[in-house]
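What's in start-v4.cif: mmCIF, C-alpha atoms
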data_run
loop_
_atom_site.group_PDB
_atom_site.id
_atom_site.type_symbol
_atom_site.label_atom_id
_atom_site.label_comp_id
_atom_site.auth_asym_id
_atom_site.auth_seq_id
_atom_site.Cartn_x
_atom_site.Cartn_y
_atom_site.Cartn_z
ATOM 1 C CA MET A 1 0.000 0.000 0.000
ATOM 2 C CA LYS A 2 1.323 3.407 -1.008
ATOM 3 C CA THR A 3 2.586 5.492 1.902
ATOM 4 C CA LYS A 4 0.098 8.168 2.881
ATOM 5 C CA LYS A 5 0.754 11.560 4.389
ATOM 6 C CA ILE A 6 -0.510 11.501 7.984
ATOM 7 C CA GLY A 7 -0.919 14.552 10.198
ATOM 8 C CA PHE A 8 -1.309 14.576 13.970
ATOM 9 C CA ILE A 9 -3.140 17.426 15.642
ATOM 10 C CA GLY A 10 -1.858 17.162 19.199
ATOM 11 C CA GLY A 11 1.660 16.087 20.090
ATOM 12 C CA GLY A 12 1.142 14.289 23.402
ATOM 13 C CA ASN A 13 2.129 10.807 24.534
ATOM 14 C CA MET A 14 -0.368 8.922 22.371
ATOM 15 C CA ALA A 15 0.597 10.837 19.232
ATOM 16 C CA SER A 16 4.254 10.240 19.995
ATOM 17 C CA SER A 17 3.624 6.510 20.420
ATOM 18 C CA LEU A 18 1.666 6.267 17.169
ATOM 19 C CA ILE A 19 4.374 8.149 15.289
ATOM 20 C CA ALA A 20 7.068 5.885 16.729
ATOM 21 C CA GLY A 21 5.000 2.826 15.864
ATOM 22 C CA LEU A 22 4.404 3.990 12.293
ATOM 23 C CA ILE A 23 8.100 4.682 11.726
ATOM 24 C CA ALA A 24 9.056 1.321 13.251
ATOM 25 C CA SER A 25 6.625 -0.410 10.896
ATOM 26 C CA GLY A 26 8.224 1.229 7.872
ATOM 27 C CA HIS A 27 6.264 4.451 7.371
ATOM 28 C CA SER A 28 8.379 7.278 6.000
ATOM 29 C CA PHE A 29 9.023 9.971 8.602
ATOM 30 C CA SER A 30 9.008 12.546 5.798
ATOM 31 C CA ASP A 31 5.285 11.834 5.276
ATOM 32 C CA LEU A 32 4.386 12.521 8.912
ATOM 33 C CA TRP A 33 3.274 15.916 10.217
ATOM 34 C CA VAL A 34 2.395 17.326 13.622
ATOM 35 C CA HIS A 35 0.853 20.508 14.979
ATOM 36 C CA ASP A 36 0.360 21.369 18.626
ATOM 37 C CA VAL A 37 -0.590 24.651 20.264
ATOM 38 C CA ASN A 38 2.335 23.942 22.552
ATOM 39 C CA HIS A 39 5.082 24.729 20.054
ATOM 40 C CA GLN A 40 7.808 23.290 22.280
ATOM 41 C CA ALA A 41 6.010 19.946 22.434
ATOM 42 C CA ALA A 42 5.651 19.880 18.650
ATOM 43 C CA GLU A 43 9.303 20.822 18.146
ATOM 44 C CA ALA A 44 10.472 18.130 20.575
ATOM 45 C CA LEU A 45 8.312 15.510 18.855
ATOM 46 C CA ALA A 46 9.486 16.571 15.415
ATOM 47 C CA ALA A 47 13.133 16.562 16.457
ATOM 48 C CA GLY A 48 12.861 13.189 18.146
ATOM 49 C CA HIS A 49 11.317 11.494 15.109
ATOM 50 C CA GLN A 50 12.563 13.767 12.297
ATOM 51 C CA ILE A 51 9.026 14.534 11.151
ATOM 52 C CA ASN A 52 7.504 17.753 9.824
ATOM 53 C CA ILE A 53 5.922 20.582 11.825
ATOM 54 C CA ALA A 54 2.839 22.398 10.532
ATOM 55 C CA ASP A 55 2.436 25.987 11.640
ATOM 56 C CA SER A 56 -1.345 25.634 12.056
ATOM 57 C CA ASN A 57 -4.186 23.131 12.011
ATOM 58 C CA LYS A 58 -5.235 24.558 8.637
ATOM 59 C CA THR A 59 -1.779 24.019 7.121
ATOM 60 C CA LEU A 60 -1.654 20.458 8.416
ATOM 61 C CA ALA A 61 -5.135 19.635 7.093
ATOM 62 C CA GLU A 62 -4.200 20.882 3.635
ATOM 63 C CA LYS A 63 -0.956 18.857 3.469
ATOM 64 C CA VAL A 64 -2.066 15.360 4.511
ATOM 65 C CA GLU A 65 -4.444 12.596 3.469
ATOM 66 C CA ILE A 66 -5.135 11.330 6.986
ATOM 67 C CA ILE A 67 -5.746 13.611 9.966
ATOM 68 C CA VAL A 68 -5.374 12.101 13.439
ATOM 69 C CA LEU A 69 -7.154 14.087 16.136
ATOM 70 C CA ALA A 70 -4.983 13.419 19.186
ATOM 71 C CA VAL A 71 -6.225 16.249 21.392
ATOM 72 C CA LYS A 72 -8.086 16.287 24.687
ATOM 73 C CA PRO A 73 -11.856 15.747 24.420
ATOM 74 C CA GLN A 74 -12.476 19.196 25.896
ATOM 75 C CA VAL A 75 -10.930 20.960 22.876
ATOM 76 C CA ILE A 76 -11.860 18.621 20.017
ATOM 77 C CA LYS A 77 -14.936 20.667 19.072
ATOM 78 C CA GLU A 78 -12.825 23.803 18.655
ATOM 79 C CA VAL A 79 -10.180 21.922 16.659
ATOM 80 C CA SER A 80 -12.775 20.197 14.468
ATOM 81 C CA LEU A 81 -14.528 23.450 13.605
ATOM 82 C CA ASP A 82 -11.129 25.004 12.853
ATOM 83 C CA ILE A 83 -10.158 22.388 10.258
ATOM 84 C CA ALA A 84 -13.629 21.686 8.815
ATOM 85 C CA PRO A 85 -13.385 24.267 5.989
ATOM 86 C CA HIS A 86 -10.052 22.765 4.886
ATOM 87 C CA ILE A 87 -11.051 19.082 4.690
ATOM 88 C CA ASN A 88 -12.060 17.411 1.433
ATOM 89 C CA GLN A 89 -14.091 14.246 0.944
ATOM 90 C CA GLN A 90 -11.040 12.222 -0.087
ATOM 91 C CA GLN A 91 -9.418 12.644 3.326
ATOM 92 C CA LEU A 92 -9.823 10.464 6.394
ATOM 93 C CA VAL A 93 -10.141 11.767 9.945
ATOM 94 C CA VAL A 94 -9.147 9.437 12.762
ATOM 95 C CA SER A 95 -10.213 10.491 16.243
ATOM 96 C CA ILE A 96 -8.593 9.015 19.352
ATOM 97 C CA ALA A 97 -10.356 11.438 21.693
ATOM 98 C CA ALA A 98 -12.212 9.471 24.350
ATOM 99 C CA GLY A 99 -15.941 9.946 24.712
ATOM 100 C CA ILE A 100 -16.615 11.962 21.547
ATOM 101 C CA PRO A 101 -19.312 10.207 19.462
ATOM 102 C CA GLN A 102 -19.472 9.999 15.680
ATOM 103 C CA ARG A 103 -22.572 12.201 15.437
ATOM 104 C CA SER A 104 -20.707 15.083 17.095
ATOM 105 C CA LEU A 105 -17.592 14.619 14.965
ATOM 106 C CA SER A 106 -19.710 14.555 11.790
ATOM 107 C CA HIS A 107 -21.655 17.632 12.914
ATOM 108 C CA TRP A 108 -18.447 19.596 13.491
ATOM 109 C CA LEU A 109 -16.333 18.279 10.599
ATOM 110 C CA GLY A 110 -19.018 17.782 7.956
ATOM 111 C CA GLU A 111 -21.618 15.099 7.318
ATOM 112 C CA LYS A 112 -19.780 13.751 4.269
ATOM 113 C CA VAL A 113 -16.354 13.430 5.941
ATOM 114 C CA ALA A 114 -14.926 9.926 6.387
ATOM 115 C CA ILE A 115 -14.351 9.440 10.127
ATOM 116 C CA VAL A 116 -12.964 6.548 12.149
ATOM 117 C CA ARG A 117 -13.403 6.779 15.890
ATOM 118 C CA CYS A 118 -10.837 4.879 17.969
ATOM 119 C CA MET A 119 -10.616 3.871 21.620
ATOM 120 C CA PRO A 120 -6.968 3.019 22.386
ATOM 121 C CA ASN A 121 -5.483 2.343 25.812
ATOM 122 C CA THR A 122 -2.312 3.386 27.631
ATOM 123 C CA PRO A 123 -0.284 0.216 26.859
ATOM 124 C CA ALA A 124 -0.075 1.699 23.356
ATOM 125 C CA LEU A 125 2.670 3.845 24.900
ATOM 126 C CA VAL A 126 4.824 0.688 25.024
ATOM 127 C CA LEU A 127 3.486 -0.725 21.723
ATOM 128 C CA THR A 128 1.209 -3.301 23.390
ATOM 129 C CA GLY A 129 -2.077 -1.452 23.087
ATOM 130 C CA ALA A 130 -5.590 -2.681 22.400
ATOM 131 C CA THR A 131 -7.802 -0.432 20.287
ATOM 132 C CA GLY A 132 -11.455 -0.582 19.305
ATOM 133 C CA LEU A 133 -12.429 1.130 16.027
ATOM 134 C CA HIS A 134 -15.707 2.216 14.455
ATOM 135 C CA ALA A 135 -16.112 3.743 10.992
ATOM 136 C CA ASN A 136 -18.922 5.924 9.716
ATOM 137 C CA ALA A 137 -20.670 5.195 6.418
ATOM 138 C CA ASN A 138 -18.336 7.498 4.464
ATOM 139 C CA VAL A 139 -15.207 5.435 5.166
ATOM 140 C CA ARG A 140 -14.002 3.410 2.165
ATOM 141 C CA ALA A 141 -12.414 -0.050 2.424
ATOM 142 C CA GLU A 142 -8.954 1.368 1.739
ATOM 143 C CA GLN A 143 -9.422 3.969 4.475
ATOM 144 C CA ARG A 144 -10.474 1.271 6.951
ATOM 145 C CA ASP A 145 -7.194 -0.501 6.213
ATOM 146 C CA LEU A 146 -5.257 2.737 6.673
ATOM 147 C CA ALA A 147 -6.879 3.466 10.041
ATOM 148 C CA GLU A 148 -6.298 -0.096 11.191
ATOM 149 C CA ASN A 149 -2.643 0.038 10.130
ATOM 150 C CA ILE A 150 -2.110 3.218 12.135
ATOM 151 C CA MET A 151 -3.517 1.720 15.325
ATOM 152 C CA ARG A 152 -1.942 -1.694 14.710
ATOM 153 C CA SER A 153 1.465 -0.018 14.807
ATOM 154 C CA VAL A 154 1.037 0.191 18.607
ATOM 155 C CA GLY A 155 -0.787 -3.084 19.314
ATOM 156 C CA VAL A 156 -3.937 -4.955 18.283
ATOM 157 C CA SER A 157 -6.959 -3.336 16.618
ATOM 158 C CA LEU A 158 -10.536 -4.609 16.524
ATOM 159 C CA TRP A 159 -13.441 -3.266 14.471
ATOM 160 C CA PHE A 160 -16.956 -2.806 15.879
ATOM 161 C CA ASP A 161 -20.009 -2.347 13.669
ATOM 162 C CA GLU A 162 -21.997 -0.715 16.455
ATOM 163 C CA GLU A 163 -20.485 2.452 17.882
ATOM 164 C CA SER A 164 -22.160 1.765 21.230
ATOM 165 C CA GLN A 165 -19.744 -1.150 21.683
ATOM 166 C CA LEU A 166 -16.930 1.383 22.137
ATOM 167 C CA ASP A 167 -18.395 2.127 25.579
ATOM 168 C CA THR A 168 -17.763 -1.517 26.455
ATOM 169 C CA VAL A 169 -14.276 -1.280 24.935
ATOM 170 C CA THR A 170 -13.661 1.723 27.180
ATOM 171 C CA ALA A 171 -14.762 -0.250 30.246
ATOM 172 C CA ILE A 172 -12.737 -3.368 29.359
ATOM 173 C CA SER A 173 -9.483 -2.310 27.707
ATOM 174 C CA GLY A 174 -9.562 1.471 28.061
ATOM 175 C CA SER A 175 -9.856 1.420 31.845
ATOM 176 C CA GLY A 176 -8.624 -2.163 32.143
ATOM 177 C CA PRO A 177 -4.925 -1.453 32.817
ATOM 178 C CA ALA A 178 -5.931 0.290 36.062
ATOM 179 C CA TYR A 179 -7.784 -2.840 37.196
ATOM 180 C CA PHE A 180 -4.639 -4.926 36.805
ATOM 181 C CA PHE A 181 -2.532 -2.249 38.500
ATOM 182 C CA LEU A 182 -4.975 -2.311 41.418
ATOM 183 C CA LEU A 183 -4.530 -6.071 41.808
ATOM 184 C CA MET A 184 -0.755 -5.708 41.507
ATOM 185 C CA GLU A 185 -0.828 -2.931 44.103
ATOM 186 C CA ALA A 186 -2.778 -5.121 46.538
ATOM 187 C CA MET A 187 -0.482 -8.114 45.977
ATOM 188 C CA GLU A 188 2.620 -5.999 46.537
ATOM 189 C CA LYS A 189 1.167 -4.436 49.691
ATOM 190 C CA THR A 190 0.357 -7.872 51.102
ATOM 191 C CA ALA A 191 3.854 -9.138 50.331
ATOM 192 C CA LEU A 192 5.297 -6.199 52.286
ATOM 193 C CA GLU A 193 3.003 -7.004 55.231
ATOM 194 C CA LEU A 194 4.280 -10.566 55.123
ATOM 195 C CA GLY A 195 7.862 -9.380 55.526
ATOM 196 C CA MET A 196 9.127 -9.150 51.953
ATOM 197 C CA ASP A 197 11.176 -6.132 50.874
ATOM 198 C CA GLU A 198 9.608 -3.718 48.380
ATOM 199 C CA GLN A 199 12.002 -4.326 45.482
ATOM 200 C CA THR A 200 11.595 -8.088 45.630
ATOM 201 C CA ALA A 201 7.834 -7.910 46.035
ATOM 202 C CA ARG A 202 7.448 -5.556 43.065
ATOM 203 C CA LEU A 203 9.610 -7.666 40.782
ATOM 204 C CA LEU A 204 7.761 -10.866 41.700
ATOM 205 C CA VAL A 205 4.367 -9.261 41.094
ATOM 206 C CA GLN A 206 5.391 -7.616 37.811
ATOM 207 C CA GLN A 207 7.006 -10.732 36.381
ATOM 208 C CA THR A 208 4.037 -12.860 37.425
ATOM 209 C CA ALA A 209 1.624 -10.455 35.694
ATOM 210 C CA LEU A 210 3.771 -10.486 32.560
ATOM 211 C CA GLY A 211 4.019 -14.269 32.572
ATOM 212 C CA ALA A 212 0.286 -14.774 33.073
ATOM 213 C CA ALA A 213 -0.532 -12.390 30.221
ATOM 214 C CA LYS A 214 1.978 -14.106 27.929
ATOM 215 C CA ILE A 215 0.522 -17.542 28.660
ATOM 216 C CA ALA A 216 -3.007 -16.257 28.047
ATOM 217 C CA LEU A 217 -1.998 -14.706 24.718
ATOM 218 C CA GLU A 218 -0.199 -17.801 23.470
ATOM 219 C CA ALA A 219 -2.554 -20.492 24.798
ATOM 220 C CA SER A 220 -5.650 -21.780 23.001
ATOM 221 C CA GLU A 221 -7.510 -22.363 26.286
ATOM 222 C CA SER A 222 -9.869 -19.880 27.932
ATOM 223 C CA PRO A 223 -8.838 -17.988 31.085
ATOM 224 C CA GLU A 224 -11.099 -20.325 33.055
ATOM 225 C CA GLN A 225 -9.267 -23.375 31.728
ATOM 226 C CA LEU A 226 -5.882 -21.786 32.392
ATOM 227 C CA ARG A 227 -6.913 -20.984 35.951
ATOM 228 C CA LYS A 228 -8.062 -24.551 36.564
ATOM 229 C CA ARG A 229 -4.816 -25.892 35.114
ATOM 230 C CA VAL A 230 -2.740 -24.111 37.772
ATOM 231 C CA THR A 231 -5.177 -24.751 40.630
ATOM 232 C CA SER A 232 -4.343 -28.060 42.296
ATOM 233 C CA PRO A 233 -7.157 -29.541 44.447
ATOM 234 C CA GLY A 234 -6.540 -28.756 48.087
ATOM 235 C CA GLY A 235 -3.498 -26.645 47.286
ATOM 236 C CA THR A 236 -2.436 -23.073 47.980
ATOM 237 C CA THR A 237 -3.920 -21.633 44.795
ATOM 238 C CA GLN A 238 -7.290 -23.198 45.502
ATOM 239 C CA ALA A 239 -7.284 -21.687 48.979
ATOM 240 C CA ALA A 240 -6.693 -18.241 47.470
ATOM 241 C CA ILE A 241 -9.255 -18.640 44.661
ATOM 242 C CA GLU A 242 -11.943 -19.808 47.085
ATOM 243 C CA THR A 243 -11.267 -16.780 49.270
ATOM 244 C CA PHE A 244 -11.667 -14.486 46.274
ATOM 245 C CA GLU A 245 -14.945 -16.118 45.259
ATOM 246 C CA GLN A 246 -16.364 -16.156 48.792
ATOM 247 C CA ALA A 247 -15.864 -12.392 48.852
ATOM 248 C CA GLY A 248 -17.811 -12.035 45.578
ATOM 249 C CA PHE A 249 -14.818 -11.346 43.323
ATOM 250 C CA SER A 250 -16.519 -12.143 39.987
ATOM 251 C CA SER A 251 -19.667 -10.171 40.743
ATOM 252 C CA LEU A 252 -17.583 -7.229 41.972
ATOM 253 C CA VAL A 253 -15.604 -7.183 38.704
ATOM 254 C CA GLU A 254 -18.867 -7.286 36.753
ATOM 255 C CA LYS A 255 -20.291 -4.418 38.796
ATOM 256 C CA ALA A 256 -17.123 -2.341 38.349
ATOM 257 C CA ILE A 257 -16.984 -2.818 34.574
ATOM 258 C CA LYS A 258 -20.669 -1.950 34.188
ATOM 259 C CA ALA A 259 -20.058 1.205 36.240
ATOM 260 C CA ALA A 260 -17.205 2.160 33.904
ATOM 261 C CA LYS A 261 -19.408 1.569 30.854
ATOM 262 C CA ASP A 262 -22.244 3.651 32.320
ATOM 263 C CA ARG A 263 -19.805 6.469 33.007
ATOM 264 C CA SER A 264 -18.481 6.240 29.450
ATOM 265 C CA ILE A 265 -22.020 6.654 28.091
ATOM 266 C CA GLU A 266 -22.629 9.586 30.424
ATOM 267 C CA MET A 267 -19.372 11.293 29.414
ATOM 268 C CA SER A 268 -20.135 10.818 25.711
ATOM 269 C CA LYS A 269 -23.404 12.676 26.189
ATOM 270 C CA GLN A 270 -21.674 15.486 28.074
ATOM 271 C CA LEU A 271 -18.584 15.874 25.888
ATOM 272 C CA GLY A 272 -20.365 15.275 22.598
ATOM 273 C CA GLU A 273 -22.941 18.017 22.916
ATOM 274 C CA CYS A 274 -23.131 19.861 19.643
#
Would you mind giving the structure from this file in structure tokens?
Amino acid sequence: MKTKKIGFIGGGNMASSLIAGLIASGHSFSDLWVHDVNHQAAEALAAGHQINIADSNKTLAEKVEIIVLAVKPQVIKEVSLDIAPHINQQQLVVSIAAGIPQRSLSHWLGEKVAIVRCMPNTPALVLTGATGLHANANVRAEQRDLAENIMRSVGVSLWFDEESQLDTVTAISGSGPAYFFLLMEAMEKTALELGMDEQTARLLVQQTALGAAKIALEASESPEQLRKRVTSPGGTTQAAIETFEQAGFSSLVEKAIKAAKDRSIEMSKQLGEC
């Protein structure tokens, strides 16, 4: 596929990760552009990756074929209205702003603009992200591939036909890293209470989390099967698992994820007001 010119409005951590991922996957740095109201951030990003700086959102929009909106949700309306007059129907807009629905993006950018809305997560910063994507009716097959390739440069990408599913993506993978950190935090704290030093406890917890994730990714079995495989009857693991379940662990996780999804829906309504 021919290299496309891609412009990033917003030069924060996620934009930096996507740019690094694109370059690592073979995209030409000379075809990458960035603009940020924080000129120092844009200059640092451009210098670090040898990419181009646009002096305005308008200039960037007129130079590229794909525009990635990598700004905070609170300013995306202003940015979208700023670039709307300079977008043509052959371009693709990719939004990674959390909580901003397609209807709002189309209202601000133009009803005929091809838009892909993405929900990435923070592991994208270390190229192990998980992203949900949804395309509006204007997005062509080639543009779907382009959007997927951008997000795949920092991890896995999954398409969803129904935009509402992105609220579930937010609750599972968007917020998910914090759930695992919470468990790691509790495990480390308990190890300290049991007399282990902090450095040792942290390394054991981190390596165990990494190992469990690696097994889950490479195995064909479900998490339930993997759990049963390492839970010997009457053993230490069984004692721990039974304690978790007696305290309502599974139902608590379900309740927490549903709360995150409900909040995602609520935020979309608030942030996406036209």
- request: Find the spatial neighbours of segment 84-99 of chain A, counting all atoms listed in the file, within a cut-off of 6 Å - ignore same-chain residues fewer than 6 positions away - and output them as a list in words.
  value: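 What passes the distance filter is Glu65, Ile66, Ile67, Val68, Leu69, Ala70, Pro73, Leu109, Val113, Ala114, Ile115, Val116, Arg117, Cys118, Met119, Met267 and Ser268 of chain A.
The space between atom CA of Ile172 of chain A and atom CA of Ala135 of chain A spans 20.0 Å.
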query: Between A:Ala20, A:Met14, A:Leu125, A:Leu45, which has the minimum distance to Val71 of chain A (counting all atoms listed in the file)?
result: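 The shortest atom-to-atom distance to Val71 of chain A comes from A:Met14.
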So which residues get picked by the PyMOL selection byres ((chain A and resi 16) around 12) here, written as a compact mmCIF listing (two decimals) with C-alpha atoms, keeping the file's coordinate frame?
# COMPACT_ATOMS: atom_id res chain seq x y z
CA GLY A 7 -0.92 14.55 10.20
CA PHE A 8 -1.31 14.58 13.97
CA ILE A 9 -3.14 17.43 15.64
CA GLY A 10 -1.86 17.16 19.20
CA GLY A 11 1.66 16.09 20.09
CA GLY A 12 1.14 14.29 23.40
CA ASN A 13 2.13 10.81 24.53
CA MET A 14 -0.37 8.92 22.37
CA ALA A 15 0.60 10.84 19.23
CA SER A 17 3.62 6.51 20.42
CA LEU A 18 1.67 6.27 17.17
CA ILE A 19 4.37 8.15 15.29
CA ALA A 20 7.07 5.88 16.73
CA GLY A 21 5.00 2.83 15.86
CA LEU A 22 4.40 3.99 12.29
CA ILE A 23 8.10 4.68 11.73
CA LEU A 32 4.39 12.52 8.91
CA TRP A 33 3.27 15.92 10.22
CA VAL A 34 2.40 17.33 13.62
CA HIS A 35 0.85 20.51 14.98
CA ASP A 36 0.36 21.37 18.63
CA ALA A 41 6.01 19.95 22.43
CA ALA A 42 5.65 19.88 18.65
CA GLU A 43 9.30 20.82 18.15
CA ALA A 44 10.47 18.13 20.58
CA LEU A 45 8.31 15.51 18.86
CA ALA A 46 9.49 16.57 15.42
CA ALA A 47 13.13 16.56 16.46
CA GLY A 48 12.86 13.19 18.15
CA HIS A 49 11.32 11.49 15.11
CA GLN A 50 12.56 13.77 12.30
CA ILE A 51 9.03 14.53 11.15
CA VAL A 68 -5.37 12.10 13.44
CA ALA A 70 -4.98 13.42 19.19
CA ALA A 124 -0.08 1.70 23.36
CA LEU A 125 2.67 3.84 24.90
CA VAL A 126 4.82 0.69 25.02
CA LEU A 127 3.49 -0.72 21.72
CA SER A 153 1.46 -0.02 14.81
CA VAL A 154 1.04 0.19 18.61
query: Which of these, A:Gln40, A:Ser220, A:Thr237, A:Ser30, has the shortest distance to Asn52 of chain A once you count only C-alpha atoms?
result: A:Ser30
message: As a check of understanding, name the residues that the PyMOL selection byres ((chain A and resi 169) around 10) selects in the supplied structure, as an NGL selection string.
response: :A and (118-121 or 130-133 or 158 or 160 or 164-168 or 170-176 or 261 or 264)
Please return the centre and edge lengths, in Å to one decimal, of a box with edges along x, y and z that contains all listed atoms of segment 248-252 of chain A, widened by 3 Å on every side, as lines of an AutoDock Vina configuration file.
center_x = -17.2
center_y = -9.7
center_z = 42.8
size_x = 10.8
size_y = 10.9
size_z = 11.6
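The spacing separating atom CA of Ala216 of chain A from atom CA of Arg263 of chain A amounts to 28.7 Å.
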Output the residue selection produced by the PyMOL selection byres ((chain A and resi 107) around 12) on the file above, formatted as a tab-separated table (two decimals) with C-alpha atoms, in the frame of the given file.
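The result, stored in out_16.tsv:
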chain	number	residue	atom	x	y	z
A	77	LYS	CA	-14.94	20.67	19.07
A	80	SER	CA	-12.78	20.20	14.47
A	81	LEU	CA	-14.53	23.45	13.60
A	84	ALA	CA	-13.63	21.69	8.82
A	100	ILE	CA	-16.61	11.96	21.55
A	101	PRO	CA	-19.31	10.21	19.46
A	102	GLN	CA	-19.47	10.00	15.68
A	103	ARG	CA	-22.57	12.20	15.44
A	104	SER	CA	-20.71	15.08	17.10
A	105	LEU	CA	-17.59	14.62	14.96
A	106	SER	CA	-19.71	14.56	11.79
A	108	TRP	CA	-18.45	19.60	13.49
A	109	LEU	CA	-16.33	18.28	10.60
A	110	GLY	CA	-19.02	17.78	7.96
A	111	GLU	CA	-21.62	15.10	7.32
A	112	LYS	CA	-19.78	13.75	4.27
A	113	VAL	CA	-16.35	13.43	5.94
A	115	ILE	CA	-14.35	9.44	10.13
A	272	GLY	CA	-20.36	15.28	22.60
A	273	GLU	CA	-22.94	18.02	22.92
A	274	CYS	CA	-23.13	19.86	19.64
As an mmCIF file, in the coordinates of the input, the rebuilt segment 214-220 of chain A with all heavy atoms:
data_model
loop_
_atom_site.group_PDB
_atom_site.id
_atom_site.type_symbol
_atom_site.label_atom_id
_atom_site.label_comp_id
_atom_site.auth_asym_id
_atom_site.auth_seq_id
_atom_site.Cartn_x
_atom_site.Cartn_y
_atom_site.Cartn_z
ATOM 1 N N LYS A 214 1.322 -13.434 29.060
ATOM 2 C CA LYS A 214 1.978 -14.106 27.929
ATOM 3 C C LYS A 214 1.384 -15.493 27.701
ATOM 4 O O LYS A 214 1.131 -15.900 26.567
ATOM 5 C CB LYS A 214 3.478 -14.193 28.180
ATOM 6 C CG LYS A 214 4.283 -14.733 27.006
ATOM 7 C CD LYS A 214 5.766 -14.618 27.265
ATOM 8 C CE LYS A 214 6.588 -15.228 26.138
ATOM 9 N NZ LYS A 214 6.351 -14.563 24.836
ATOM 10 N N ILE A 215 1.152 -16.223 28.785
ATOM 11 C CA ILE A 215 0.522 -17.542 28.660
ATOM 12 C C ILE A 215 -0.864 -17.408 28.052
ATOM 13 O O ILE A 215 -1.251 -18.156 27.145
ATOM 14 C CB ILE A 215 0.445 -18.242 30.036
ATOM 15 C CG1 ILE A 215 1.837 -18.692 30.482
ATOM 16 C CG2 ILE A 215 -0.493 -19.450 29.980
ATOM 17 C CD1 ILE A 215 1.872 -19.259 31.885
ATOM 18 N N ALA A 216 -1.641 -16.444 28.535
ATOM 19 C CA ALA A 216 -3.007 -16.257 28.047
ATOM 20 C C ALA A 216 -3.026 -15.908 26.561
ATOM 21 O O ALA A 216 -3.890 -16.372 25.811
ATOM 22 C CB ALA A 216 -3.707 -15.168 28.852
ATOM 23 N N LEU A 217 -2.065 -15.095 26.118
ATOM 24 C CA LEU A 217 -1.998 -14.706 24.718
ATOM 25 C C LEU A 217 -1.605 -15.870 23.814
ATOM 26 O O LEU A 217 -2.096 -15.983 22.685
ATOM 27 C CB LEU A 217 -0.989 -13.565 24.532
ATOM 28 C CG LEU A 217 -1.466 -12.156 24.894
ATOM 29 C CD1 LEU A 217 -0.294 -11.193 24.940
ATOM 30 C CD2 LEU A 217 -2.510 -11.679 23.889
ATOM 31 N N GLU A 218 -0.735 -16.733 24.306
ATOM 32 C CA GLU A 218 -0.199 -17.801 23.470
ATOM 33 C C GLU A 218 -0.984 -19.104 23.573
ATOM 34 O O GLU A 218 -0.844 -19.983 22.712
ATOM 35 C CB GLU A 218 1.271 -18.057 23.836
ATOM 36 C CG GLU A 218 2.170 -16.848 23.549
ATOM 37 C CD GLU A 218 3.621 -17.089 23.928
ATOM 38 O OE1 GLU A 218 3.913 -18.185 24.463
ATOM 39 O OE2 GLU A 218 4.449 -16.192 23.685
ATOM 40 N N ALA A 219 -1.813 -19.247 24.595
ATOM 41 C CA ALA A 219 -2.554 -20.492 24.798
ATOM 42 C C ALA A 219 -3.860 -20.489 24.002
ATOM 43 O O ALA A 219 -4.414 -19.433 23.694
ATOM 44 C CB ALA A 219 -2.851 -20.688 26.277
ATOM 45 N N SER A 220 -4.365 -21.658 23.687
ATOM 46 C CA SER A 220 -5.650 -21.780 23.001
ATOM 47 C C SER A 220 -6.803 -21.911 23.993
ATOM 48 O O SER A 220 -7.958 -21.722 23.637
ATOM 49 C CB SER A 220 -5.641 -23.004 22.076
ATOM 50 O OG SER A 220 -5.370 -24.190 22.813
#
